[in-house]
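Undergrad: Sharing a structure, written as structure tokens. Questions coming.
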Amino acid sequence: MYANQSMNTVSPLNAAQILPRQKPRLLVVDDEPDNLDLLYRTFRREYQVLRAESGSKALEVLEDDGEVAVIISDQRMPDMSGTEFLSKTVPDFPDTVRIILTGFTDVTDLVQAINSGQVYRYITKPWEPNKLKQLVQKAASTYELLKESHHALYVADRQAQLMSRVAQLAQLDVTEQDALQFIADGWGQTLSAKLCVVQGVETKGVASYGDLGGQSLENNPLIQAVMATRTLQTLPDVSASSLNDPLYRMTGSQSHLVVPVVFRDRLLAVVSLHWAYSYRTLSDVSKILDIATSQLAQALIASRC
């Protein structure tokens, strides 16, 4: 699989998330050096352009540099055809928009590739620069819309999983301590957290998904802020903050979010989520926790009846 580890700098819920506004990434593939250079010069001002002289080299570029918004590939290349190369990119990069350059008249293979969704458009050689620019601009816009749509679906799915975990508590005959552990395990896994701690405020119970490293949450500044204000607190990048909490060093936490679990002004618990990476934002995680923690508060109260 061609993974892009740099995507971890966006958000914990970044599997389908578009990067913040910047130059779109474009990969151009052609075995003719003159064509490759021309494509680079055509798009270098508006796009971050990556180049490859064959389909196999292009696959290596994608493996090293990750997903791009648009791929422009020549069709007739020595080691593999453009359509063959592009078909290999579909499983790992389904949102990437693909354009074929062709210099021959038989377009049967291209039409089949377009109909199967592997190719967005084809354009014949020699191409007209402005026409190609317009096509690439539309392709980049299509990519952005796809990423936004898929991210919204992904986030909604994670929220549904959190709420489903809470709903299952009603069907379990367990102590409140076991209920806290059930939530810590489920929410930690769903949100890809390194550590998820659910600490009861009234019962003093503590449940942990992941290793706390022998540390306590009591003196953590974010925990204290949540206890005092009953408002969600986030720290997307631990290393960029002035906080010097041993908890972060011992657990390897690079980002931290704490959310209160409140029922009718009663603070029942706090949920502390830690990730092994620093992120640009935790706002999408914050949003999906709003409803889930409200549901959790009701479930904890109901379990005491």
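Letters A, B, ... go to the chains of the structure tokens in the order shown; residues in each chain start at 1; ligands are counted from 1 in the same order.
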Any idea what's packed within 10 Å of Arg304 of chain A, counting only C-alpha atoms, ignoring anything in its chain fewer than 2 positions away? Could you give it as a ChimeraX atom specification?
TA: /A:175-176,299-302
Undergrad: List the neighbours of Tyr47 of chain A out to 9 Å using only C-alpha atoms; skip same-chain residues closer than 6 positions along the sequence, and give me the result as a PyMOL selection string.
TA: chain A and resi 22-26
Undergrad: Using only C-alpha atoms, which protein or nucleic acid residues come within 6 Å of Ile100 of chain A? Drop anything in the same chain fewer than 6 positions from it, and give the result as a PyMOL selection string.
TA: chain A and resi 72-74+122
Undergrad: A:Ile223, A:Leu268, A:Ile183, A:Ile123: which is nearest Leu101 of chain A, counting only C-alpha atoms?
TA: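 Comparing A:Ile223, A:Leu268, A:Ile183, A:Ile123 against Leu101 of chain A, the winner is A:Ile123.
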Undergrad: What's around Asp245 of chain A at 12 Å? Count only C-alpha atoms, leave out sequence neighbours fewer than 2 positions away in its own chain, and write the answer as a PyMOL selection string.
TA: chain A and resi 215-223+238-239+241-243+247-254+256
Undergrad: Give the answer as one residue: which of A:Val136, A:Ala225, A:Leu36, A:Leu86 has the shortest atom-to-atom distance to Ala69 of chain A, using only C-alpha atoms?
TA: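 So, comparing all the options, the nearest one is A:Val136.
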Undergrad: Report the distance between atom CA of Leu146 of chain A and atom CA of Glu67 of chain A in Å, rounded to one decimal place.
TA: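 Value for the atom CA of Leu146 of chain A-atom CA of Glu67 of chain A distance: 13.3 Å.
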Undergrad: I need the residues of segment 60-269 of chain A that end up classed as strand (DSSP E or B) by DSSP on the backbone, written out as a VMD selection string.
TA: chain A and resid 70 to 74 97 to 102 121 to 124 195 to 200 206 to 209 233 to 235 255 to 263 266 to 269
Undergrad: Put those residues in a file: C-alpha atoms, as a CSV table (one decimal), in the first residue's frame.
TA:
```csv
chain,number,residue,atom,x,y,z
A,70,VAL,CA,-4.3,14.9,-10.2
A,71,ILE,CA,-2.2,12.5,-12.3
A,72,ILE,CA,-1.5,13.3,-16.0
A,73,SER,CA,0.0,10.3,-17.8
A,74,ASP,CA,1.0,9.5,-21.3
A,97,VAL,CA,-8.3,12.4,-10.6
A,98,ARG,CA,-6.6,10.8,-13.6
A,99,ILE,CA,-6.0,12.3,-17.1
A,100,ILE,CA,-4.5,10.4,-20.1
A,101,LEU,CA,-2.5,12.0,-22.9
A,102,THR,CA,-2.7,10.0,-26.1
A,121,ARG,CA,-10.7,12.5,-19.2
A,122,TYR,CA,-8.2,12.0,-22.1
A,123,ILE,CA,-6.7,14.6,-24.3
A,124,THR,CA,-4.9,14.1,-27.6
A,195,LEU,CA,-4.3,6.4,25.2
A,196,CYS,CA,-7.9,7.0,26.3
A,197,VAL,CA,-8.7,7.5,30.0
A,198,VAL,CA,-12.2,7.8,31.5
A,199,GLN,CA,-12.1,9.1,35.0
A,200,GLY,CA,-15.2,9.2,37.2
A,206,VAL,CA,-10.4,5.3,36.5
A,207,ALA,CA,-10.4,3.2,33.3
A,208,SER,CA,-7.6,3.3,30.7
A,209,TYR,CA,-7.1,2.1,27.1
A,233,GLN,CA,-9.9,21.5,26.3
A,234,THR,CA,-7.4,20.7,23.4
A,235,LEU,CA,-3.7,20.6,22.9
A,255,SER,CA,-1.5,15.8,21.4
A,256,HIS,CA,-4.2,15.8,24.0
A,257,LEU,CA,-7.9,16.4,24.3
A,258,VAL,CA,-10.1,16.3,27.4
A,259,VAL,CA,-13.9,16.5,27.4
A,260,PRO,CA,-16.2,16.7,30.4
A,261,VAL,CA,-19.2,14.3,30.8
A,262,VAL,CA,-21.9,16.4,32.3
A,263,PHE,CA,-25.5,15.6,33.4
A,266,ARG,CA,-23.2,17.5,37.5
A,267,LEU,CA,-19.7,16.7,36.3
A,268,LEU,CA,-19.8,12.9,36.2
A,269,ALA,CA,-16.5,12.1,34.5
```
Undergrad: From the list A:Met77, A:Tyr40, A:Gly55, A:Pro236, which residue is nearest Pro129 of chain A when using only C-alpha atoms?
TA: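 Smallest separation from Pro129 of chain A among the options: A:Tyr40.
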